[in-house]
Amino acid sequence: MKKYIILLFGLFLFAFVPEIHAQPLQSSGFLASCFDMQYCGEGACPSGKTQVHRMALSTTTHKAVASATTYVLECIEADPDPICTTGNSELDVELFCPDTSKMTPQQVTDQCDHYDRVTKGDIGYQLSSRGGDYGIWHKDVASTNNTYIRKNEAIRGELTVQSDGQGNVKPIEVQSYTKDARMRKFMMYNKIVGTDPVSAEGGGQSQATLPFIYRSSDCEGGKAYDPAGRVFDMLSLEPIPNVQVSLNQHNTVTDALVNISIANPHIVNPFKTSSIGYFTFYVVDGNYSLNPTHTEYTHAVQTQDEGSIPTNVHRIYSDLYFQDSPRIQQRGAIQHRDVVMKPNNGIGARYPLDLLDESRTEENGKLIYKGLISHPFVLLNVEICTPGTPETCALYKEFDQKNGGPDKEGEFAITLDQSVLKSLTGEYFNMKFVKQDLTTATLTYDGSTVSHVVSWLKKLVGQVVGVVQAQEGDNLESKVEPIPVYLEGYAYDNEGSIMPNATVGIYMYLFQNTPIYQTTADSKGFFRITTENIPSAEYSIRFTSVENPEVISYQSTSQFLANNGEFIKSEKINPYKQTNANSNPRRNVTPSFVPEQKISPLVTVVSPTQTAAPSGAPTEAVTTTTTSRNPMYLIGAVLLILLGGAGVMLAIYVYKKKSQETVEQE
């Protein structure tokens, strides 16, 4: 059997809707969760197929709604956000825009027809129109010989599947094409109307969760691809974007160049690196070489250039690949190479930070923030911000590679206590990423007391005298809204007036036109939504007037908490404590607090896209208020601290020396 392997994968990650709490009963909305995925390249797919890009989908870990029509979504990496499609324009419109009565045909195409979007432009998505082994296959459950039937994506009825009584769906295999190697994730989607029950395996218990995130260990299935190579600047040690990396194949006996496309007909070659510097190739066994090109660089030569590379290189990169490195001998295992580039300017270049992937999830009242940033060992400073003019932000916590901040791959995962946020003033977290100079930074952890003191003093001196001047692109900020898991309060419009009988919807950014949950406020504008109907991922709230459906108030969670701050405080409500409908101690409580019929809303009106989408897009630097100080006094204070510290360490040394001499004399 011909063995296909993965060589030098280019990682592309992107923000995604992280988790959705399962819903045992719900008036309207949807349930979505990830398929288990199995990569067919090693012959592990049930069909026996071994195509390198083919995926087998199953419901082993997570289930669909029992006995329900299930839609299969393929979500494809795109800029700025992933695009999910069923592979059929008609089905996409049905899912993403259930009501198009007030939309123009062009709006329907632009906002709802995701299949049209992915088939055009840079993505170039194709299914069976590609021919060969591309398309969607469903297992013929009536067959006894493991037969898979190829589906026609032009016929909408062929792309949905029916789940059984336990929420299982028939095995599915998919192989699609895009112009570049883009990451995919496959999900099942079920509409929920009236009192449709969710299967017990799929999350019928109130505290169960259904993962809905890229790069989540709970939702990973089998990895679609493996990251395996970066291109970097040998002087600044930063990853280099937009490098054209070509792969050459050589005869295993004579070393002569051969036509690589004969043995690898679907290879993307050359491959252009992204902001993280990654690249990838999928090839059969053989001998290969890499040829990177960039107008500002040449491929470094080991015998000439290795001595000029800062020593920190080995703390960030591995398997360094130079122009004079030996051939890459691919023999079944994944091969990893980090490509060394020599800058033409002789000093190296710095590139702006890029937040490739981030997720915000809630767990037991804590906010879990994780993702991937383009540069290694970036510092992550978390601020708590209060809206206003100017907006004020104060440092809350600092994170580096030692406590969950970005590591050498740029991956990070931190936990934040949401209870520290003041609901009354609409506080939220602001993530501030700051690049380090990779050539001089301390990139290994030293837990000694002296190391901590030196690190603290360096930081203090830097703050006082401003020794490092950050250049454009060295900082990047991401606003992160709180994720309350219990909502109780009043619906206010954009002018601050209560909205009686308002329609209340919970929305997530991938499904901006479909609420994940929807209910109705009472005649006083009051409503409650318990945990089982709230996503444990960042979401927004929409209030729609019953008298005039054109009047819609779009609110972030911090806005809602601020608008209802007095009520929450008076009624002693904890919005971060999981509370389900059956056990809610307030389910029969009539609030004693009488709200004002008109308040001053926290912020101005924002668009549905802004409130529905993750707030993690790069933002302008936040204006903060600080207390002025005389740097000369601070410099003097720092010098005194340094002298005092030196004196203490000297005294300790003398004491230990005398003690040692006394012992020796005895």
# chains A, B, ... in the order shown; residues from 1 in each chain; ligands from 1
$ residues_around --residues "Thr386 (chain A)" --least-positions-apart "6" --cutoff "8 Å" --atoms "only C-alpha atoms" --output "list in words"
Thr392, Cys393, Thr425, Gly426, Glu427 and Tyr428 of chain A
$ select_by_dssp --residues "region 473-555 of chain A" --states "strand (DSSP E)" --output "PyMOL selection string"
chain A and resi 475-480+487-490+503-507+517-520+526-529+540-544+552-555
$ residues_around --residues "Asp324 (chain A)" --least-positions-apart "2" --cutoff "9 Å" --atoms "only C-alpha atoms" --output "PyMOL selection string"
chain A and resi 300-303+321-322+326
$ atom_distance --atom1 "CA of Asn251 (chain A)" --atom2 "CA of Val340 (chain A)"
24.8 Å
$ closest_residue --among "A:Ile192, A:Ala537, A:Ala32, A:Ala413" --to "Thr361 (chain A)" --atoms "only C-alpha atoms"
A:Ala537
$ closest_residue --among "A:Lys524, A:Lys577, A:Arg54, A:Lys191" --to "Val594 (chain A)" --atoms "only C-alpha atoms"
A:Lys524
$ atom_distance --atom1 "CA of Val72 (chain A)" --atom2 "CA of Glu153 (chain A)"
11.6 Å
$ residues_around --residues "Asn564 (chain A)" --least-positions-apart "5" --cutoff "8 Å" --atoms "only C-alpha atoms" --output "mmCIF file with N, CA and C atoms, in the first residue's frame"
data_model
loop_
_atom_site.group_PDB
_atom_site.id
_atom_site.type_symbol
_atom_site.label_atom_id
_atom_site.label_comp_id
_atom_site.auth_asym_id
_atom_site.auth_seq_id
_atom_site.Cartn_x
_atom_site.Cartn_y
_atom_site.Cartn_z
ATOM 1 N N LEU A 424 -21.603 46.910 38.033
ATOM 2 C CA LEU A 424 -22.270 48.207 38.038
ATOM 3 C C LEU A 424 -21.640 49.195 37.068
ATOM 4 N N GLY A 489 -32.895 40.071 34.907
ATOM 5 C CA GLY A 489 -32.939 41.521 34.872
ATOM 6 C C GLY A 489 -33.995 42.018 33.908
ATOM 7 N N TYR A 490 -33.755 43.229 33.414
ATOM 8 C CA TYR A 490 -34.743 43.903 32.582
ATOM 9 C C TYR A 490 -34.150 44.232 31.210
#
